[in-house]
Amino acid sequence: MNLPNKITLSRIFLIPIFIILMSVPFDWGTFQMEERELPVAHLAGALLFIIASTTDWIDGYIARKYNLVTNLGKFLDPLADKLLVSAALILLVEIGLAPAWIVILIISREFAVTGLRLVAAGEGSVLAASQMGKLKTWIQIIAISLLLLHNWPFAFIGFPLGMIALYLALLITVYSGYDYFKKNWHVMRDSK
């Protein structure tokens, strides 16, 4: 269990705290932003989500710089990303900030890719995340962060960057899932 893997595990352990912040009706008040209000609990949840998301870059950087890349890390890192992003997307639907159909499509892609990874693992092979998959994750994180912050600061000018980023995340998510299956179809084809 090296440092990058410990950082990845910390991301997983932050998920229940994030869920509690976003779903328990804490009455910590609100920030007034012109005509919009941002509940303090949502701000705290957004900051925790951003911190947890940042650990994705940190663990990868340390693993590559110090040659600490492991099969466990290749498995845990994308799993941690999927768990964090899925939890955030589901909570965004619950609080009315994201359409359910987009969240269903994104999470379905994540389940499909995880299934492919499990088949590969059963065959003794570990499929690392692709560059397209990493781009997809970062666009999802940006979209989720903006939506958790109720589109601050773009809400002041009426520009729905959070929703635009979510639609972009959907497009890249679907395309990267297609690309991942296309490149790794041999895993399904050759599985016993």
# chains A, B, ... in the order shown; residues from 1 in each chain; ligands from 1
$ closest_atom_pairs --of "segment 70-97 of chain A" --to "segment 35-57 of chain A" --cutoff "10 Å" --atoms "only C-alpha atoms" --output "JSON lines"
{"residue": "A:Asp77", "atom": "CA", "partner": "A:Asp56", "partner_atom": "CA", "distance": 7.2}
{"residue": "A:Pro78", "atom": "CA", "partner": "A:Asp56", "partner_atom": "CA", "distance": 8.9}
{"residue": "A:Ala80", "atom": "CA", "partner": "A:Asp56", "partner_atom": "CA", "distance": 8.5}
{"residue": "A:Asp81", "atom": "CA", "partner": "A:Asp56", "partner_atom": "CA", "distance": 7.5}
{"residue": "A:Leu84", "atom": "CA", "partner": "A:Phe49", "partner_atom": "CA", "distance": 7.9}
{"residue": "A:Val85", "atom": "CA", "partner": "A:Ser53", "partner_atom": "CA", "distance": 8.8}
{"residue": "A:Ala88", "atom": "CA", "partner": "A:Phe49", "partner_atom": "CA", "distance": 8.0}
{"residue": "A:Ile95", "atom": "CA", "partner": "A:His42", "partner_atom": "CA", "distance": 10.0}
$ write_last_selection --atoms "C-alpha atoms" --output "short mmCIF file (atom, residue, chain, number, x, y, z; two decimals), in the first residue's frame"
data_model
loop_
_atom_site.label_atom_id
_atom_site.label_comp_id
_atom_site.auth_asym_id
_atom_site.auth_seq_id
_atom_site.Cartn_x
_atom_site.Cartn_y
_atom_site.Cartn_z
CA ASP A 77 -8.08 5.11 -9.06
CA PRO A 78 -10.81 4.86 -11.71
CA ALA A 80 -12.68 5.99 -6.74
CA ASP A 81 -13.43 8.46 -9.52
CA LEU A 84 -17.25 10.03 -6.25
CA VAL A 85 -18.73 11.24 -9.54
CA ALA A 88 -22.30 13.63 -6.75
CA ILE A 95 -31.55 18.42 -5.07
#
$ residues_around --residues "Asn67 of chain A" --least-positions-apart "4" --cutoff "12 Å" --atoms "only C-alpha atoms" --output "PyMOL selection string"
chain A and resi 2-4+59-63+73
$ atom_distance --atom1 "atom CA of Gln140 of chain A" --atom2 "atom CA of Met1 of chain A"
28.0 Å
$ residues_around --residues "Leu92 of chain A" --least-positions-apart "5" --cutoff "8 Å" --atoms "only C-alpha atoms" --output "list in words"
Leu97, Ala98, Ile144, Leu147 and Leu148 of chain A
$ write_last_selection --atoms "C-alpha atoms" --output "PDB file, in the first residue's frame"
ATOM      1  CA  LEU A  97     -29.780  20.633 -10.135  1.00  0.00           C
ATOM      2  CA  ALA A  98     -29.256  17.968 -12.835  1.00  0.00           C
ATOM      3  CA  ILE A 144     -20.409  18.840 -10.976  1.00  0.00           C
ATOM      4  CA  LEU A 147     -23.621  22.714 -10.317  1.00  0.00           C
ATOM      5  CA  LEU A 148     -22.867  22.071  -6.629  1.00  0.00           C
TER       6      LEU A 148
END
$ closest_residue --among "A:Leu91, A:Leu79, A:Glu110, A:Ala155" --to "Tyr178 of chain A" --atoms "only C-alpha atoms"
A:Glu110
$ decode --residues "segment 112-148 of chain A" --atoms "N, CA and C atoms" --output "tab-separated table (two decimals), in the first residue's frame"
chain	number	residue	atom	x	y	z
A	112	ALA	N	-20.76	-0.01	-17.33
A	112	ALA	CA	-20.33	-0.83	-18.47
A	112	ALA	C	-18.81	-0.94	-18.52
A	113	VAL	N	-18.11	0.17	-18.34
A	113	VAL	CA	-16.64	0.15	-18.38
A	113	VAL	C	-16.10	-0.63	-17.18
A	114	THR	N	-16.72	-0.47	-16.02
A	114	THR	CA	-16.29	-1.25	-14.84
A	114	THR	C	-16.49	-2.73	-15.09
A	115	GLY	N	-17.58	-3.10	-15.74
A	115	GLY	CA	-17.82	-4.50	-16.08
A	115	GLY	C	-16.74	-5.04	-16.99
A	116	LEU	N	-16.35	-4.24	-17.98
A	116	LEU	CA	-15.26	-4.65	-18.88
A	116	LEU	C	-13.96	-4.82	-18.11
A	117	ARG	N	-13.70	-3.92	-17.18
A	117	ARG	CA	-12.49	-4.04	-16.36
A	117	ARG	C	-12.52	-5.31	-15.50
A	118	LEU	N	-13.70	-5.65	-14.98
A	118	LEU	CA	-13.81	-6.86	-14.16
A	118	LEU	C	-13.58	-8.12	-15.00
A	119	VAL	N	-14.10	-8.12	-16.23
A	119	VAL	CA	-13.85	-9.26	-17.12
A	119	VAL	C	-12.35	-9.37	-17.38
A	120	ALA	N	-11.70	-8.24	-17.63
A	120	ALA	CA	-10.25	-8.24	-17.88
A	120	ALA	C	-9.50	-8.74	-16.65
A	121	ALA	N	-9.92	-8.29	-15.47
A	121	ALA	CA	-9.27	-8.73	-14.24
A	121	ALA	C	-9.42	-10.23	-14.05
A	122	GLY	N	-10.58	-10.77	-14.41
A	122	GLY	CA	-10.79	-12.21	-14.34
A	122	GLY	C	-9.87	-12.98	-15.27
A	123	GLU	N	-9.43	-12.32	-16.32
A	123	GLU	CA	-8.51	-12.93	-17.28
A	123	GLU	C	-7.05	-12.62	-16.92
A	124	GLY	N	-6.84	-11.95	-15.78
A	124	GLY	CA	-5.48	-11.65	-15.34
A	124	GLY	C	-4.88	-10.39	-15.93
A	125	SER	N	-5.71	-9.50	-16.43
A	125	SER	CA	-5.22	-8.28	-17.06
A	125	SER	C	-5.89	-7.07	-16.41
A	126	VAL	N	-5.13	-5.98	-16.30
A	126	VAL	CA	-5.67	-4.75	-15.73
A	126	VAL	C	-5.72	-3.69	-16.83
A	127	LEU	N	-6.88	-3.12	-17.04
A	127	LEU	CA	-7.05	-2.08	-18.06
A	127	LEU	C	-6.95	-0.71	-17.39
A	128	ALA	N	-5.93	0.02	-17.72
A	128	ALA	CA	-5.75	1.36	-17.16
A	128	ALA	C	-6.71	2.34	-17.84
A	129	ALA	N	-6.93	3.47	-17.18
A	129	ALA	CA	-7.78	4.50	-17.75
A	129	ALA	C	-7.10	5.10	-18.98
A	130	SER	N	-7.90	5.42	-19.99
A	130	SER	CA	-7.36	6.04	-21.21
A	130	SER	C	-7.29	7.55	-21.02
A	131	GLN	N	-6.60	8.23	-21.92
A	131	GLN	CA	-6.53	9.69	-21.87
A	131	GLN	C	-7.92	10.29	-22.06
A	132	MET	N	-8.72	9.69	-22.94
A	132	MET	CA	-10.09	10.18	-23.15
A	132	MET	C	-10.90	10.00	-21.86
A	133	GLY	N	-10.70	8.89	-21.18
A	133	GLY	CA	-11.39	8.65	-19.91
A	133	GLY	C	-10.99	9.67	-18.85
A	134	LYS	N	-9.71	10.05	-18.85
A	134	LYS	CA	-9.26	11.06	-17.88
A	134	LYS	C	-9.86	12.43	-18.21
A	135	LEU	N	-9.92	12.77	-19.49
A	135	LEU	CA	-10.55	14.03	-19.91
A	135	LEU	C	-12.03	14.03	-19.50
A	136	LYS	N	-12.69	12.91	-19.72
A	136	LYS	CA	-14.10	12.76	-19.34
A	136	LYS	C	-14.29	13.01	-17.85
A	137	THR	N	-13.42	12.43	-17.05
A	137	THR	CA	-13.53	12.59	-15.60
A	137	THR	C	-13.36	14.05	-15.21
A	138	TRP	N	-12.38	14.74	-15.78
A	138	TRP	CA	-12.15	16.14	-15.40
A	138	TRP	C	-13.29	17.05	-15.86
A	139	ILE	N	-13.87	16.78	-17.01
A	139	ILE	CA	-15.01	17.60	-17.44
A	139	ILE	C	-16.22	17.32	-16.53
A	140	GLN	N	-16.41	16.07	-16.15
A	140	GLN	CA	-17.48	15.74	-15.20
A	140	GLN	C	-17.25	16.49	-13.88
A	141	ILE	N	-16.02	16.50	-13.40
A	141	ILE	CA	-15.70	17.17	-12.13
A	141	ILE	C	-15.97	18.67	-12.22
A	142	ILE	N	-15.60	19.28	-13.34
A	142	ILE	CA	-15.86	20.71	-13.52
A	142	ILE	C	-17.37	20.98	-13.54
A	143	ALA	N	-18.11	20.16	-14.29
A	143	ALA	CA	-19.57	20.34	-14.36
A	143	ALA	C	-20.21	20.16	-12.99
A	144	ILE	N	-19.82	19.11	-12.30
A	144	ILE	CA	-20.41	18.84	-10.98
A	144	ILE	C	-20.07	19.96	-10.00
A	145	SER	N	-18.82	20.42	-10.03
A	145	SER	CA	-18.41	21.50	-9.11
A	145	SER	C	-19.25	22.75	-9.35
A	146	LEU	N	-19.42	23.13	-10.62
A	146	LEU	CA	-20.23	24.31	-10.93
A	146	LEU	C	-21.67	24.13	-10.48
A	147	LEU	N	-22.23	22.94	-10.71
A	147	LEU	CA	-23.62	22.71	-10.32
A	147	LEU	C	-23.77	22.68	-8.80
A	148	LEU	N	-22.80	22.08	-8.10
A	148	LEU	CA	-22.87	22.07	-6.63
A	148	LEU	C	-22.80	23.49	-6.06
